[in-house]
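Below you'll find the structure, written out as structure tokens, and then a few comments.
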Amino acid sequence: MWTDRQRVEPGDERPDGARRRATIHDVARLAGVSRQTVSRAVNDKGEIDPGTKERVLEAARLLDYRPSRFARGLVQKGAVTAGLVIPDLRNPFFPEVAAGVLEAAEQRGWQVVVWDSRIDEARERQALDVLSHQTDAVVGYFKDSDEVLTRHLGGVPLVLLERGPQQTRFAAVGIDASAGVEQGIAHLVGAGHRRIGMLDGERESGARKQAFLEQVRRHGLPVDDSWIVLCPEHSVTGGEAGMERLLDARPEITAVFGFNDLIAVGAMRTARRRGRAVPDDLAVLGFDGLSLGELVDPALTTLHIDKRQLGRLAVEQMARLCAGQEPLRGADAWVTPELVVRESA
């Protein structure tokens, strides 16, 4: 019979709020046996007393213990497996992030399991339920709160993408939207634009919208809710529809900032249909730095994100967590967009 203290101690939360993953030492201590005995019991190898084996397996069950493939990966190349949760593989931004993760993982001899959550929070939680039993660490895009994620995580290390370190108790890799948008709005203002709208992509007030509002107000430009239109669909079609609504509400705008490059390209298409020449009548600024931006006419001015670096930092965070080290914090865990000026603005 286990005491209450024995039941809860190995699962105590770490300082960052995530549940600590039970180790072989925890199981050995709870069952009153050696690490070698635990290894033989859970891997069903070697001679072991049936009663002892049952006690070890019961301890492992109570602690939700899973043998760490990461530890085996230290001596066996390719044994480490990471889970990657991407919201929409049809959006060209996310395959580039995934490529960064895969490249960095391959350099370490890791394997990666990719899960497309299809912008569905239920599928995100399902991904955690499955991957926490199949992988040594998980990285990805999740909308749920830390508390919800913890319930589905099962104690494996988790790295959140595009959440600032101050926005979560988990390890994270963020995008410094504020620094990027500051560059973009300064460029538009420097070109003489005083009436700038935005095509947003998040229902709740996200980092890009907040940065936009901060910068236009900093420059003393007019802005209220009528200058910002939501595009729930992060696509060219979504940008076209959003631009129609924005031009109806604010026909006087001379520039528009798109939540991402796809939305910005859609804005350019609508502008042309409505007789607005880009950039003479309407300047268009994107965010993401997709290769697509170089192919459209006029070429898209954008805030370029090093998506491969985003993926590489995510793998570095996972490696640190799996090795029991502190994750990167502050500027080391951020990717800052860089303004790329082309013909659209």
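Here, A, B, ... name the chains of the structure tokens in the order displayed, residue numbers run from 1 inside each chain, and ligands are numbered from 1 in the same displayed order.
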I'd like a table as JSON lines: residues in segment 284-339 of chain A with an atom no more than 8 Å from segment 103-118 of chain A, each row giving the shortest atom pair and its distance in Å to one decimal, only C-alpha atoms counted, sorted by chain and rising residue number.
{"residue": "A:Gly311", "atom": "CA", "partner": "A:Ala104", "partner_atom": "CA", "distance": 7.4}
{"residue": "A:Arg312", "atom": "CA", "partner": "A:Ala104", "partner_atom": "CA", "distance": 5.4}
{"residue": "A:Val315", "atom": "CA", "partner": "A:Ala104", "partner_atom": "CA", "distance": 6.4}
12 Å contact set for Leu295 of chain A, only C-alpha atoms, chain neighbours under 5 positions out, as a PyMOL selection string: chain A and resi 261+265+289-290+300-301+342-344
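Considering only C-alpha atoms, the residue among A:Asn91, A:Ile48, A:Ala59, A:Leu149 positioned nearest to His25 of chain A is A:Ala59.
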Contact residues around segment 122-128 of chain A with only C-alpha atoms at 10 Å, ignoring same-chain residues under 2 positions, as a ChimeraX atom specification: /A:83-87,114-120,130-135,138-144,148-154,156,158
For the residues selected in the previous step, produce a file with N, CA and C atoms as an mmCIF file, in the first residue's frame.
data_model
loop_
_atom_site.group_PDB
_atom_site.id
_atom_site.type_symbol
_atom_site.label_atom_id
_atom_site.label_comp_id
_atom_site.auth_asym_id
_atom_site.auth_seq_id
_atom_site.Cartn_x
_atom_site.Cartn_y
_atom_site.Cartn_z
ATOM 1 N N GLY A 83 7.786 14.898 -31.204
ATOM 2 C CA GLY A 83 6.505 15.141 -31.855
ATOM 3 C C GLY A 83 6.403 16.600 -32.271
ATOM 4 N N LEU A 84 5.904 16.847 -33.483
ATOM 5 C CA LEU A 84 5.733 18.206 -34.000
ATOM 6 C C LEU A 84 4.275 18.398 -34.399
ATOM 7 N N VAL A 85 3.604 19.367 -33.780
ATOM 8 C CA VAL A 85 2.195 19.640 -34.050
ATOM 9 C C VAL A 85 2.087 20.954 -34.817
ATOM 10 N N ILE A 86 1.600 20.853 -36.056
ATOM 11 C CA ILE A 86 1.488 21.990 -36.969
ATOM 12 C C ILE A 86 0.005 22.247 -37.232
ATOM 13 N N PRO A 87 -0.442 23.510 -37.264
ATOM 14 C CA PRO A 87 -1.877 23.768 -37.404
ATOM 15 C C PRO A 87 -2.435 23.631 -38.810
ATOM 16 N N VAL A 114 5.164 14.079 -37.294
ATOM 17 C CA VAL A 114 4.452 15.322 -37.595
ATOM 18 C C VAL A 114 2.950 15.087 -37.527
ATOM 19 N N TRP A 115 2.254 15.990 -36.851
ATOM 20 C CA TRP A 115 0.796 15.903 -36.673
ATOM 21 C C TRP A 115 0.184 17.212 -37.158
ATOM 22 N N ASP A 116 -0.724 17.144 -38.115
ATOM 23 C CA ASP A 116 -1.442 18.321 -38.611
ATOM 24 C C ASP A 116 -2.743 18.438 -37.831
ATOM 25 N N SER A 117 -2.853 19.485 -36.988
ATOM 26 C CA SER A 117 -4.049 19.631 -36.153
ATOM 27 C C SER A 117 -5.216 20.274 -36.895
ATOM 28 N N ARG A 118 -4.980 20.762 -38.110
ATOM 29 C CA ARG A 118 -6.035 21.319 -38.970
ATOM 30 C C ARG A 118 -6.797 22.462 -38.283
ATOM 31 N N ILE A 119 -6.073 23.262 -37.520
ATOM 32 C CA ILE A 119 -6.644 24.430 -36.834
ATOM 33 C C ILE A 119 -7.844 24.008 -35.980
ATOM 34 N N ASP A 120 -7.709 22.899 -35.289
ATOM 35 C CA ASP A 120 -8.785 22.333 -34.487
ATOM 36 C C ASP A 120 -8.242 22.068 -33.085
ATOM 37 N N VAL A 130 -1.767 11.465 -27.724
ATOM 38 C CA VAL A 130 -1.086 10.396 -28.466
ATOM 39 C C VAL A 130 0.434 10.548 -28.395
ATOM 40 N N LEU A 131 0.926 11.748 -28.701
ATOM 41 C CA LEU A 131 2.371 11.946 -28.810
ATOM 42 C C LEU A 131 3.081 11.842 -27.467
ATOM 43 N N SER A 132 2.382 12.150 -26.372
ATOM 44 C CA SER A 132 3.030 12.039 -25.063
ATOM 45 C C SER A 132 3.354 10.590 -24.718
ATOM 46 N N HIS A 133 2.712 9.631 -25.401
ATOM 47 C CA HIS A 133 3.007 8.217 -25.185
ATOM 48 C C HIS A 133 3.944 7.662 -26.253
ATOM 49 N N GLN A 134 4.203 8.429 -27.311
ATOM 50 C CA GLN A 134 4.994 7.908 -28.418
ATOM 51 C C GLN A 134 6.322 8.633 -28.597
ATOM 52 N N THR A 135 6.496 9.767 -27.959
ATOM 53 C CA THR A 135 7.683 10.578 -28.198
ATOM 54 C C THR A 135 8.347 10.983 -26.888
ATOM 55 N N VAL A 138 7.620 17.120 -27.155
ATOM 56 C CA VAL A 138 6.651 17.623 -28.137
ATOM 57 C C VAL A 138 6.884 19.116 -28.327
ATOM 58 N N VAL A 139 6.782 19.556 -29.584
ATOM 59 C CA VAL A 139 6.857 20.971 -29.908
ATOM 60 C C VAL A 139 5.727 21.293 -30.869
ATOM 61 N N GLY A 140 5.137 22.476 -30.751
ATOM 62 C CA GLY A 140 4.086 22.798 -31.707
ATOM 63 C C GLY A 140 3.273 24.017 -31.343
ATOM 64 N N TYR A 141 2.213 24.205 -32.135
ATOM 65 C CA TYR A 141 1.275 25.312 -31.972
ATOM 66 C C TYR A 141 0.040 24.813 -31.227
ATOM 67 N N PHE A 142 -0.259 25.461 -30.104
ATOM 68 C CA PHE A 142 -1.410 25.070 -29.299
ATOM 69 C C PHE A 142 -2.131 26.321 -28.823
ATOM 70 N N LYS A 143 -3.462 26.303 -28.907
ATOM 71 C CA LYS A 143 -4.262 27.447 -28.475
ATOM 72 C C LYS A 143 -4.678 27.348 -27.004
ATOM 73 N N ASP A 144 -4.707 26.134 -26.459
ATOM 74 C CA ASP A 144 -5.193 25.949 -25.097
ATOM 75 C C ASP A 144 -4.280 26.604 -24.062
ATOM 76 N N VAL A 148 -4.784 23.448 -19.366
ATOM 77 C CA VAL A 148 -5.371 22.402 -20.211
ATOM 78 C C VAL A 148 -4.273 21.546 -20.827
ATOM 79 N N LEU A 149 -3.220 22.172 -21.311
ATOM 80 C CA LEU A 149 -2.129 21.422 -21.929
ATOM 81 C C LEU A 149 -1.503 20.456 -20.930
ATOM 82 N N THR A 150 -1.343 20.898 -19.689
ATOM 83 C CA THR A 150 -0.739 20.040 -18.668
ATOM 84 C C THR A 150 -1.548 18.765 -18.456
ATOM 85 N N ARG A 151 -2.876 18.875 -18.513
ATOM 86 C CA ARG A 151 -3.727 17.695 -18.299
ATOM 87 C C ARG A 151 -3.563 16.661 -19.411
ATOM 88 N N HIS A 152 -3.195 17.095 -20.596
ATOM 89 C CA HIS A 152 -3.077 16.164 -21.725
ATOM 90 C C HIS A 152 -1.634 15.765 -22.016
ATOM 91 N N LEU A 153 -0.688 16.377 -21.326
ATOM 92 C CA LEU A 153 0.717 16.215 -21.700
ATOM 93 C C LEU A 153 1.359 14.948 -21.157
ATOM 94 N N GLY A 154 0.944 14.511 -19.977
ATOM 95 C CA GLY A 154 1.537 13.291 -19.436
ATOM 96 C C GLY A 154 2.966 13.454 -18.969
ATOM 97 N N VAL A 156 5.721 14.775 -20.456
ATOM 98 C CA VAL A 156 6.848 14.893 -21.383
ATOM 99 C C VAL A 156 7.175 16.363 -21.596
ATOM 100 N N LEU A 158 7.548 19.916 -23.202
ATOM 101 C CA LEU A 158 6.747 20.589 -24.216
ATOM 102 C C LEU A 158 7.358 21.945 -24.531
#
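For the choices A:Gly286, A:Tyr65, A:Ile253, A:Pro298, the atom-to-atom distance to Arg272 of chain A is smallest for A:Pro298 when using only C-alpha atoms.
Take atom CA of Cys231 of chain A and atom CA of Gly201 of chain A: the distance between them is 5.0 Å.
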Shell of 8 Å around Val97 of chain A, only C-alpha atoms, local chain residues under 4 positions omitted, as an MDAnalysis selection string: chainID A and resid 93 101 307:308 310:311
Residue set, segment 132-278 of chain A restricted to strand (DSSP E), as JSON, numbers by chain: {"A": [137, 138, 139, 140, 158, 159, 160, 161, 171, 172, 173, 174, 175, 196, 197, 198, 199, 200, 228, 229, 230, 255, 256, 257, 258]}
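Within the 9 Å cut-off around segment 319-325 of chain A, using only C-alpha atoms and omitting residues fewer than 2 positions from it on the same chain, the listed residues are Phe70, Ala71, Asp136, Ala137, Val156, Pro157, Leu158, Val159, Ala171, Ala314, Val315, Glu316, Gln317, Pro327 and Leu328 of chain A.
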All residues 10 Å or closer to Glu233 of chain A, only C-alpha atoms, same chain fewer than 3 positions away omitted, as a PyMOL selection string: chain A and resi 201-202+230+236-239+241-242+262-263
Shell around Asp281 of chain A at 9 Å using only C-alpha atoms, local window under 3 positions removed, as a count of residues only: 7
